[in-house]
Each structure stands twice: as C-alpha cells, then as structure tokens.
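Have a look at the structure below, then the notes.
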Amino acid sequence: MANKSEKILSNKSNLQILFEDNHIIIVNKRAGDIVQGDKTGDKPLSDVVKEYIKDKYNKSGNVYLGVVHRLDRPTTGIVVFAKTSKALPRLNKLFANKEVNKTYWAIVKNKPEKENDTLRHWLKKNPKNNKSTAFDKEIKDSKYAVLHYTLIKKLTNYYLLEVNLETGRHHQIRSQLSKIGSPIKGDLKYGFDRSNKDASIHLHSRKLTFMHPVKKEPIKVIAPLPNDAIWNVCQE
C-alpha cells in the first residue's frame, strides 16, 4: 500500500501534493480552483501543477500533464493528473470502468430520512444554467445515477455524510442530496438557503483508492479537510 499520501508537500503556490511518482500526481484542490481552463479565463489547477513540475525538476521544455477527471469549482479535495502519456489512457480506463473507488464527505443542514441509503435517480443536465435535475423515473436525455451515503457524524447544526459514488454524473451528489431534501451547505444552486462567504460548498473529495495503472500497486489517498470551523469539528 502506498503511504506517500500521508505526507503533504507544498510549494510556493500553496499546492498540496498528496501523492507523486513518475506517472501520477494527485493534489488536494481548494475551493474556487478550476481543474482545467474554461471560458472564465482563470488560471486552472492544471497550469499550477505544470509550473510545480517544471520548477521542481528544472524542465526546460513543455511539461506533459493529462487531466483525468474534474471536480466542480466550489468543491474541494482529490484531483488526479497523469504525468506521462503512458499513464493517461490507463487512468482514463480505470475511471471509465469504475475501478476507482471515490469517497466524498458532505455537510448538510437537514438530516436525511434514513441514516444510510442508496439513492437511484435519473439526472438531466441543463447546459443553460449548468445544473442537473434528479428525477425518480427515466425521462428523455437523462442518465442513471447511483450513490450510497451514510450519516457518520451529527454536528451542532449540521450532519456529516459519507458518500460513495457508483456512477459519475454531472453534479451528481449535489443534485441527488438536494432531491431528498438535504442540500449541501453553501450550495445555493441546489437549494441551500445561503452561500458560504468564500463561495465554496461543503463537499469534499475525501478518499480515492485504485490500482496504479503502471506499477500495479494499490494506491490509497486521503485528502485533509479544508480549514474552517465546521470542517474542523468533523475531525474532533
């Protein structure tokens, strides 16, 4: 089992490296970071990671970095990048074949009716407002979505849920938790009553486990929680 995930390395960009070897680099994304460039023109996390690699290894030319998956801008936690053209298609295949186990932590105001459950919905994305709506039955252009959640801690005014994804749909956790009346703290788009001051939402990609695509060794990465009052209570 790889233990490099237990050590966090930092550089001048406050980049948190959770795991790194010749083929893969895994970072802990902050709220507000975009993983890949978009129409906003804001500097993406992929560019920050490239700069880190270029600086650390004194690379003179262009740095190769493959984007394997993404997290929503207000979400925090684990993001995996490929450092080699050999690793990228293999990582893509692992994600596509659901051979990557993804665990999220979510903080909600309203306690779900059941303390643990499997949610099955059909999600339909509206590109105009970049929002997915969960339906109980299949409708045109919808995609089947499945997640499993467990209530793991009761906070003073909130509840901490652990969520394991079975499918990876657009805004899946946000949409499905909202559908059962438990929108994520700070998530105005999906029904929470007020935003967080830093525009984050309390959804964190906490743990990732998979088989290294080149070395064939098990990788387990756990991302430290953001430093705020509510997340800090979750660790007590």
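Ligands are numbered from 1 in the order shown, residues from 1 within each chain, and chains are lettered A, B, ... in the order they appear in the structure tokens.
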
Using DSSP on the backbone coordinates, identify the residues of segment 60-236 of chain A assigned to strand (DSSP E or B); present them as a VMD selection string. chain A and resid 66 to 67 76 to 82 101 to 108 116 to 126 131 to 135 143 to 154 159 to 165 184 203 to 211 218 to 222

Once you count only C-alpha atoms, what closest atom pair and distance in Å to one decimal does each residue of segment 45-100 of chain A within 12 Å of segment 151-175 of chain A have, with rows by chain and rising residue number, as JSON lines?
```
{"residue": "A:His69", "atom": "CA", "partner": "A:Gly168", "partner_atom": "CA", "distance": 10.0}
{"residue": "A:Arg70", "atom": "CA", "partner": "A:His170", "partner_atom": "CA", "distance": 10.2}
{"residue": "A:Leu71", "atom": "CA", "partner": "A:His171", "partner_atom": "CA", "distance": 9.2}
{"residue": "A:Asp72", "atom": "CA", "partner": "A:His171", "partner_atom": "CA", "distance": 7.6}
{"residue": "A:Arg73", "atom": "CA", "partner": "A:His171", "partner_atom": "CA", "distance": 10.9}
{"residue": "A:Pro74", "atom": "CA", "partner": "A:His171", "partner_atom": "CA", "distance": 11.2}
{"residue": "A:Thr75", "atom": "CA", "partner": "A:Arg174", "partner_atom": "CA", "distance": 10.2}
{"residue": "A:Phe95", "atom": "CA", "partner": "A:Gly168", "partner_atom": "CA", "distance": 9.0}
{"residue": "A:Ala96", "atom": "CA", "partner": "A:Gly168", "partner_atom": "CA", "distance": 9.1}
{"residue": "A:Asn97", "atom": "CA", "partner": "A:Thr167", "partner_atom": "CA", "distance": 10.1}
{"residue": "A:Lys98", "atom": "CA", "partner": "A:Glu166", "partner_atom": "CA", "distance": 7.5}
{"residue": "A:Glu99", "atom": "CA", "partner": "A:Glu166", "partner_atom": "CA", "distance": 10.1}
{"residue": "A:Val100", "atom": "CA", "partner": "A:Glu166", "partner_atom": "CA", "distance": 9.7}
```

Could you turn the residues from that selection into a file that holds C-alpha atoms, as a short mmCIF file (atom, residue, chain, number, x, y, z; two decimals), in the first residue's frame?
```
data_model
loop_
_atom_site.label_atom_id
_atom_site.label_comp_id
_atom_site.auth_asym_id
_atom_site.auth_seq_id
_atom_site.Cartn_x
_atom_site.Cartn_y
_atom_site.Cartn_z
CA HIS A 69 -11.19 13.86 -14.10
CA ARG A 70 -12.61 17.05 -12.63
CA LEU A 71 -14.20 18.47 -9.51
CA ASP A 72 -16.75 21.28 -9.50
CA ARG A 73 -15.24 24.70 -8.85
CA PRO A 74 -16.73 25.14 -5.32
CA THR A 75 -15.82 21.56 -4.32
CA PHE A 95 -12.27 5.69 -14.17
CA ALA A 96 -14.45 4.60 -17.09
CA ASN A 97 -14.58 1.01 -15.84
CA LYS A 98 -15.46 2.14 -12.29
CA GLU A 99 -12.25 0.67 -10.92
CA VAL A 100 -11.60 3.81 -8.88
#
```

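Our summary of the geometry notes that atom CA of Lys131 of chain A is positioned 19.6 Å from atom CA of Tyr104 of chain A.
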
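Closest to Ile184 of chain A among A:Lys111, A:Lys83, A:Lys39, A:Lys137 is A:Lys111, based on only C-alpha atoms.
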
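Using only C-alpha atoms, the smallest distance between any of A:Leu119, A:Leu94, A:Leu188, A:Leu45 and Val27 of chain A comes from A:Leu45.
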
Go through A:Lys143, A:His212, A:Lys54, A:Lys102 one by one, measure the shortest atom-to-atom distance of each to Phe19 of chain A using only C-alpha atoms, and give the residue with the smallest value. A:His212

For a quick check of understanding, using only C-alpha atoms, which of A:Lys125, A:Val80, A:Asp136, A:Asp21 has the smallest distance to Val221 of chain A? A:Val80

Residue list (alpha helix (DSSP H), DSSP) for segment 8-231 of chain A, as JSON, numbers by chain: {"A": [45, 46, 47, 48, 49, 50, 51, 52, 53, 54, 55, 56, 87, 88, 89, 90, 91, 92, 93, 94, 95, 96, 172, 173, 174, 175, 176, 177, 178, 179, 229, 230, 231]}

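As for atom CA of Ile53 of chain A and atom CA of Pro218 of chain A, they are spaced 23.6 Å apart.
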
Of A:Asn101, A:Ser132, A:Val214, A:Lys179, the one nearest to Leu88 of chain A when counting only C-alpha atoms is A:Val214
